[in-house]
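> Below is a structure I'd like to ask you about.
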Amino acid sequence: VQAIWILTVVSAPFLILPGLFLRRRLLAETRPVERIPFFVGIKAALGIRAFRIFALSWGLMWLGTTFTFETLPYIVTEICRLGIGDTAWFYFSTLLVSLLAYPFVMKLAERYSVKAVYRASLLAGAVAMPGLMLVNEHLPIPLFVQGLLWIVLQTACLMGAQALPGA
């Protein structure tokens with residue numbers, strides 16, 4: 001429980017501050033021409049094939065990452081055979097890797113296109129996810145290091161899919 005509170009305090013400024021600065025600029029720049037009824041907008045969006053594919057891939061990616069992070073205490077205690085307090089190392093490593101990988105993902109998107117980096121990120125995340133099955137005590141690397149390497153790899157792979165839809 002303490003790890004979640006620490007993570008919240010550390011990450012909250014990164015989530016709140018951009019919204020405070022962007023909101024004023026966005027409100028001044030965007031003015032809707034007319035109000036579109038909700039169901040008309042949903043029907044129009046779902047009529048676009050690219051949007052349906054994007055929404056499905058994005059939803060499944062978030063389902064997978066949410067499932068992974070919700071089960072992280074189980075992964076730490078049962079697969080890596082560590083204490084529940086060690087879960088904080090895994091959560092903090094994901095936060096650190098996300099912050100470090102973000103600028104690289106943006107530069108890759110500028111160079112190769114958002115679509116290409118988004119697709120590559122989804123593919124890399126799908127390939128890295130089963131790597132959790134390789135974490136075991138038969139390898140000469142401590143379970144803590146194996147688990148940490150897996151979560152860092154998984155986070156780095158999915159950073160493009162997590163960051164680019166907002167862009």
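Order determines the names: the first chain of the structure tokens is A, the second B, and so forth; residues in each chain are numbered 1 upward, and ligands are numbered 1 upward as they are shown.
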Would you mind listing what lies within 10 Å of Gly125 in chain A as a PyMOL selection string, with only C-alpha atoms counted and same-chain residues fewer than 6 positions away left out?
chain A and resi 61+64-65+119+153-161
> Keeping C-alpha atoms, export the residues of the selection given above as a PDB file, in the first residue's frame.

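Heads up, here's the output in again_35.pdb:
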```
ATOM      1  CA  MET A  61      -3.160  -3.208 -25.340  1.00  0.00           C
ATOM      2  CA  GLY A  64      -3.038  -6.406 -21.298  1.00  0.00           C
ATOM      3  CA  THR A  65      -0.988  -3.721 -19.572  1.00  0.00           C
ATOM      4  CA  ARG A 119       2.580  -0.866 -34.794  1.00  0.00           C
ATOM      5  CA  LEU A 153      11.672  -4.665 -21.391  1.00  0.00           C
ATOM      6  CA  GLN A 154       7.876  -4.877 -21.420  1.00  0.00           C
ATOM      7  CA  THR A 155       7.537  -1.222 -20.456  1.00  0.00           C
ATOM      8  CA  ALA A 156      10.052  -0.049 -23.059  1.00  0.00           C
ATOM      9  CA  CYS A 157       8.358  -2.113 -25.777  1.00  0.00           C
ATOM     10  CA  LEU A 158       4.885  -0.762 -25.048  1.00  0.00           C
ATOM     11  CA  MET A 159       5.889   2.857 -24.505  1.00  0.00           C
ATOM     12  CA  GLY A 160       5.143   3.723 -28.130  1.00  0.00           C
ATOM     13  CA  ALA A 161       1.652   2.228 -27.957  1.00  0.00           C
TER      14      ALA A 161
END
```
> So, counting only C-alpha atoms, which residue among A:Leu164, A:Leu149, A:Leu82, A:Leu143 is closest to Lys107 in chain A?
A:Leu164
> To one decimal place, how far is CA of Trp89 in chain A from CA of Ser57 in chain A in Å?
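That distance, rounded to one decimal, is 28.8 Å.
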> Which residue gives the smallest distance to Asp86 in chain A among A:Pro142, A:Thr8, A:Pro13, A:Pro73, with only C-alpha atoms counted?
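Going through A:Pro142, A:Thr8, A:Pro13, A:Pro73 one by one, the smallest distance to Asp86 in chain A is for A:Pro73.
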> From the set A:Leu72, A:Ala124, A:Ile6, A:Val114, which residue has the shortest atom-to-atom contact distance to Ile84 in chain A, counting only C-alpha atoms?
A:Leu72
> Using only C-alpha atoms for the distances, tell me which of A:Val152, A:Tyr112, A:Leu63, A:Glu78 is nearest to Thr94 in chain A.
A:Val152
> Step one, run DSSP on the backbone; step two, keep only residues of range 7-150 of chain A assigned to alpha helix (DSSP H); then write them as a ChimeraX atom specification.
/A:7-29,38-46,49-70,72-74,87-112,114-128,143-150
> Would you mind listing what lies within 9 Å of Leu7 in chain A as a PyMOL selection string, with only C-alpha atoms counted and same-chain residues fewer than 2 positions away left out?
chain A and resi 2-5+9-12+88+91-92+95
